[in-house]
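Undergrad: Data file coords02.pdb (PDB, C-alpha atoms, pLDDT in the B column) is appended below.
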```pdb
ATOM      1  CA  MET A   9     -27.359  83.337 -59.824  1.00 55.00           C
ATOM      2  CA  GLY A  10     -29.858  86.093 -59.401  1.00 65.00           C
ATOM      3  CA  THR A  11     -31.446  88.352 -56.831  1.00 69.00           C
ATOM      4  CA  SER A  12     -33.409  85.626 -55.007  1.00 68.00           C
ATOM      5  CA  ASN A  13     -32.157  84.218 -51.722  1.00 67.00           C
ATOM      6  CA  GLN A  14     -31.597  80.510 -50.893  1.00 61.00           C
ATOM      7  CA  SER A  15     -34.741  80.064 -48.830  1.00 59.00           C
ATOM      8  CA  SER A  16     -36.985  81.209 -51.683  1.00 64.00           C
ATOM      9  CA  LEU A  17     -35.304  78.836 -54.164  1.00 62.00           C
ATOM     10  CA  THR A  18     -35.488  75.614 -52.166  1.00 62.00           C
ATOM     11  CA  SER A  19     -38.201  73.225 -51.057  1.00 66.00           C
ATOM     12  CA  PHE A  20     -36.273  72.393 -47.850  1.00 65.00           C
ATOM     13  CA  GLY A  21     -37.696  75.352 -45.943  1.00 72.00           C
ATOM     14  CA  SER A  22     -35.075  77.708 -44.605  1.00 78.00           C
ATOM     15  CA  ALA A  23     -31.723  78.454 -46.177  1.00 76.00           C
ATOM     16  CA  ARG A  24     -30.025  76.863 -43.159  1.00 81.00           C
ATOM     17  CA  SER A  25     -31.997  73.609 -43.721  1.00 80.00           C
ATOM     18  CA  PHE A  26     -30.914  73.602 -47.349  1.00 78.00           C
ATOM     19  CA  ARG A  27     -27.238  74.030 -46.425  1.00 80.00           C
ATOM     20  CA  ARG A  28     -27.462  71.303 -43.752  1.00 84.00           C
ATOM     21  CA  ARG A  29     -29.092  68.800 -46.151  1.00 82.00           C
ATOM     22  CA  THR A  30     -26.612  69.474 -48.942  1.00 82.00           C
ATOM     23  CA  ALA A  31     -23.459  69.702 -46.764  1.00 86.00           C
ATOM     24  CA  TRP A  32     -22.475  66.143 -47.753  1.00 86.00           C
ATOM     25  CA  CYS A  33     -21.776  67.388 -51.287  1.00 82.00           C
ATOM     26  CA  TRP A  34     -18.760  69.342 -50.015  1.00 81.00           C
ATOM     27  CA  ASN A  35     -17.301  66.261 -48.298  1.00 82.00           C
ATOM     28  CA  VAL A  36     -17.050  64.067 -51.396  1.00 76.00           C
ATOM     29  CA  ALA A  37     -13.383  63.123 -51.854  1.00 76.00           C
ATOM     30  CA  LEU A  38     -12.502  62.667 -55.505  1.00 76.00           C
ATOM     31  CA  ARG A  39      -9.955  59.932 -56.089  1.00 78.00           C
ATOM     32  CA  ILE A  40      -8.143  59.149 -59.313  1.00 81.00           C
ATOM     33  CA  PRO A  41      -7.132  55.481 -59.419  1.00 80.00           C
ATOM     34  CA  VAL A  42      -3.472  54.727 -60.071  1.00 80.00           C
ATOM     35  CA  THR A  43      -3.312  52.345 -63.035  1.00 82.00           C
ATOM     36  CA  GLY A  44       0.438  51.772 -63.175  1.00 85.00           C
ATOM     37  CA  GLU A  45       0.489  52.735 -66.865  1.00 87.00           C
ATOM     38  CA  VAL A  46       3.762  54.314 -68.009  1.00 87.00           C
ATOM     39  CA  HIS A  47       3.107  57.370 -70.175  1.00 89.00           C
ATOM     40  CA  ASP A  48       5.439  58.728 -72.846  1.00 88.00           C
ATOM     41  CA  GLN A  49       4.906  62.284 -71.702  1.00 89.00           C
ATOM     42  CA  VAL A  50       3.209  63.976 -68.764  1.00 89.00           C
ATOM     43  CA  GLN A  51       2.484  67.695 -68.616  1.00 89.00           C
ATOM     44  CA  VAL A  52       2.638  69.347 -65.198  1.00 89.00           C
ATOM     45  CA  ASP A  53       1.739  72.807 -64.025  1.00 89.00           C
ATOM     46  CA  GLY A  54       0.642  74.677 -60.936  1.00 90.00           C
ATOM     47  CA  ILE A  55      -2.521  76.756 -60.643  1.00 90.00           C
ATOM     48  CA  HIS A  56      -2.680  79.367 -57.905  1.00 89.00           C
ATOM     49  CA  VAL A  57      -6.047  79.610 -56.159  1.00 88.00           C
ATOM     50  CA  GLY A  58      -6.017  82.322 -53.538  1.00 88.00           C
ATOM     51  CA  SER A  59      -3.130  81.562 -51.160  1.00 90.00           C
ATOM     52  CA  TRP A  60      -2.992  77.891 -52.245  1.00 92.00           C
ATOM     53  CA  CYS A  61      -1.455  76.171 -55.241  1.00 92.00           C
ATOM     54  CA  CYS A  62      -2.797  73.072 -57.014  1.00 92.00           C
ATOM     55  CA  LEU A  63      -0.164  71.056 -58.877  1.00 92.00           C
ATOM     56  CA  ILE A  64      -1.667  69.014 -61.719  1.00 92.00           C
ATOM     57  CA  ALA A  65      -0.237  66.168 -63.829  1.00 92.00           C
ATOM     58  CA  VAL A  66      -1.923  65.421 -67.169  1.00 93.00           C
ATOM     59  CA  ALA A  67      -1.229  62.712 -69.760  1.00 91.00           C
ATOM     60  CA  GLY A  68      -3.076  63.331 -73.017  1.00 88.00           C
ATOM     61  CA  GLU A  69      -6.674  64.091 -72.058  1.00 88.00           C
ATOM     62  CA  HIS A  70      -6.507  62.399 -68.636  1.00 88.00           C
ATOM     63  CA  VAL A  71      -5.656  63.932 -65.272  1.00 90.00           C
ATOM     64  CA  LEU A  72      -3.233  61.609 -63.488  1.00 91.00           C
ATOM     65  CA  GLY A  73      -3.337  63.430 -60.180  1.00 90.00           C
ATOM     66  CA  TRP A  74      -3.168  66.677 -58.279  1.00 91.00           C
ATOM     67  CA  GLN A  75      -1.490  67.930 -55.127  1.00 91.00           C
ATOM     68  CA  TRP A  76      -2.506  70.917 -53.008  1.00 91.00           C
ATOM     69  CA  CYS A  77       0.367  72.937 -51.534  1.00 92.00           C
ATOM     70  CA  ASP A  78       1.273  76.450 -50.458  1.00 92.00           C
ATOM     71  CA  THR A  79       3.880  76.999 -53.204  1.00 87.00           C
ATOM     72  CA  GLU A  80       5.435  75.092 -56.102  1.00 86.00           C
ATOM     73  CA  LYS A  81       8.289  73.426 -54.257  1.00 87.00           C
ATOM     74  CA  LYS A  82      10.359  70.266 -54.475  1.00 86.00           C
ATOM     75  CA  ALA A  83       8.464  68.319 -51.766  1.00 89.00           C
ATOM     76  CA  ALA A  84       5.052  69.033 -53.301  1.00 90.00           C
ATOM     77  CA  TRP A  85       6.203  67.991 -56.782  1.00 88.00           C
ATOM     78  CA  ALA A  86       7.741  64.805 -55.320  1.00 88.00           C
ATOM     79  CA  ALA A  87       4.423  63.961 -53.631  1.00 89.00           C
ATOM     80  CA  LEU A  88       2.574  64.337 -56.939  1.00 90.00           C
ATOM     81  CA  ILE A  89       5.069  62.650 -59.273  1.00 86.00           C
ATOM     82  CA  GLY A  90       5.645  59.781 -56.820  1.00 87.00           C
ATOM     83  CA  ARG A  91       2.066  58.519 -57.221  1.00 87.00           C
ATOM     84  CA  PHE A  92       2.535  57.062 -60.690  1.00 86.00           C
ATOM     85  CA  PRO A  93       5.364  55.420 -62.669  1.00 87.00           C
ATOM     86  CA  ALA A  94       7.954  57.808 -64.063  1.00 83.00           C
ATOM     87  CA  PRO A  95       7.089  58.851 -67.636  1.00 85.00           C
ATOM     88  CA  ARG A  96       9.667  59.049 -70.407  1.00 84.00           C
ATOM     89  CA  VAL A  97       9.589  62.852 -70.148  1.00 84.00           C
ATOM     90  CA  VAL A  98       7.812  65.512 -68.068  1.00 84.00           C
ATOM     91  CA  ILE A  99       6.847  68.741 -69.839  1.00 84.00           C
ATOM     92  CA  THR A 100       6.949  71.763 -67.516  1.00 82.00           C
ATOM     93  CA  ASP A 101       6.585  75.522 -67.616  1.00 76.00           C
ATOM     94  CA  GLY A 102      10.141  75.888 -66.305  1.00 68.00           C
ATOM     95  CA  GLY A 103       8.963  76.627 -62.754  1.00 64.00           C
ATOM     96  CA  SER A 104      10.892  75.790 -59.640  1.00 61.00           C
ATOM     97  CA  GLY A 105      10.876  72.430 -57.900  1.00 65.00           C
ATOM     98  CA  ILE A 106       9.933  70.054 -60.693  1.00 67.00           C
ATOM     99  CA  ALA A 107      13.320  70.164 -62.428  1.00 58.00           C
ATOM    100  CA  ASP A 108      14.968  68.796 -59.268  1.00 58.00           C
ATOM    101  CA  GLN A 109      13.110  65.466 -59.383  1.00 57.00           C
ATOM    102  CA  PRO A 110      15.546  62.562 -59.802  1.00 56.00           C
ATOM    103  CA  SER A 111      14.929  59.861 -62.414  1.00 56.00           C
ATOM    104  CA  THR A 112      12.361  62.015 -64.216  1.00 61.00           C
ATOM    105  CA  PRO A 113      13.718  63.730 -67.331  1.00 58.00           C
ATOM    106  CA  THR A 114      12.088  67.109 -67.839  1.00 59.00           C
ATOM    107  CA  THR A 115      11.775  69.501 -70.736  1.00 60.00           C
ATOM    108  CA  GLU A 116      10.317  72.966 -70.853  1.00 54.00           C
ATOM    109  CA  ASN A 117       7.261  73.799 -72.936  1.00 53.00           C
ATOM    110  CA  PRO A 118       8.520  75.770 -76.003  1.00 55.00           C
ATOM    111  CA  LEU A 119       5.914  78.515 -75.509  1.00 52.00           C
ATOM    112  CA  HIS A 120       7.072  79.148 -71.938  1.00 50.00           C
ATOM    113  CA  ARG A 121      10.700  79.166 -73.080  1.00 53.00           C
ATOM    114  CA  GLN A 122       9.878  81.745 -75.777  1.00 52.00           C
ATOM    115  CA  ARG A 123       8.080  83.968 -73.255  1.00 53.00           C
ATOM    116  CA  ARG A 124      11.067  83.840 -70.910  1.00 54.00           C
ATOM    117  CA  GLU A 125      13.684  84.473 -73.601  1.00 57.00           C
ATOM    118  CA  LEU A 126      11.811  87.385 -75.199  1.00 58.00           C
ATOM    119  CA  PRO A 127      10.704  89.401 -72.165  1.00 57.00           C
ATOM    120  CA  GLY A 128      10.060  92.569 -74.179  1.00 58.00           C
ATOM    121  CA  GLN A 129       7.691  90.809 -76.562  1.00 56.00           C
ATOM    122  CA  GLN A 130       3.953  90.773 -75.915  1.00 56.00           C
ATOM    123  CA  LEU A 131       1.803  87.965 -77.190  1.00 55.00           C
ATOM    124  CA  ARG A 132      -1.176  90.295 -77.619  1.00 58.00           C
ATOM    125  CA  PRO A 133       0.051  93.808 -78.411  1.00 60.00           C
ATOM    126  CA  ALA A 134      -2.261  96.714 -77.662  1.00 62.00           C
ATOM    127  CA  PRO A 135      -4.468  97.708 -80.629  1.00 65.00           C
ATOM    128  CA  LYS A 136      -3.464 100.820 -82.521  1.00 66.00           C
ATOM    129  CA  PRO A 137      -5.884 103.742 -82.189  1.00 63.00           C
TER     130      PRO A 137
END
```
Show me, as structure tokens, the structure contained in the file I just sent.

TA:
Amino acid sequence: MGTSNQSSLTSFGSARSFRRRTAWCWNVALRIPVTGEVHDQVQVDGIHVGSWCCLIAVAGEHVLGWQWCDTEKKAAWAALIGRFPAPRVVITDGGSGIADQPSTPTTENPLHRQRRELPGQQLRPAPKP
């Protein structure tokens, strides 16, 4: 975060030495333990990062899991939802794939439903000059 290069900011010597000694940081696999707890509601959504998509399941303030995929599709949602017991209801953005999951009742987030039903409406209208 600045105009300096890596080799001037490190005590490892060259920039290549710094990258070699810190390469292990990029290989840390984060794992979320499956507790078996049944949640009343789980919120799911997909975040697009470049050409990839990360599907995320959240219960309250806790991330239950995530699944990397190329698009939001049925198989990717099944891989994510299948890791933990089925909740009473899954709250979605109305996207494709998640609604097709058997034995998992889904409902659409009211804000997403409103955006879809009122396509001419803008949430943040342009300021008047």

Undergrad: Report as a PyMOL selection string the residues that result from applying the PyMOL selection byres ((chain A and resi 63) around 9) to the structure here.

TA: chain A and resi 52-56+61-62+64-65+73-77+80+84-85+88

Undergrad: May I ask for the distance between CA of Arg39 in chain A and CA of Gly58 in chain A, given in Å to one decimal place?

TA: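 Straight-line distance from CA of Arg39 in chain A to CA of Gly58 in chain A works out to 22.9 Å.
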
Undergrad: How many Å separate CA of Glu69 in chain A from CA of Gly90 in chain A?

TA: 20.1 Å

Undergrad: Measuring between only C-alpha atoms, which one of A:Arg24, A:Ala86, A:Trp32, A:Pro93 shows the shortest distance to Leu72 in chain A?

TA: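 For Leu72 in chain A, the nearest of the candidates is A:Pro93.
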
Undergrad: Measure the distance from CA of Gly68 in chain A to CA of Asp101 in chain A in Å and round it to one decimal.

TA: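 It comes out at 16.5 Å.
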
Undergrad: So, counting all atoms listed in the file, which residue among A:Ala37, A:Val97, A:Ile89, A:Ala31 is closest to Val50 in chain A?

TA: A:Val97

Undergrad: Taking all atoms listed in the file into account, which of A:Arg91, A:Ala83, A:Ile40, A:His47 comes nearest Val71 in chain A?

TA: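 Once distances to Val71 in chain A are computed over all atoms listed in the file, the minimum belongs to A:Ile40.
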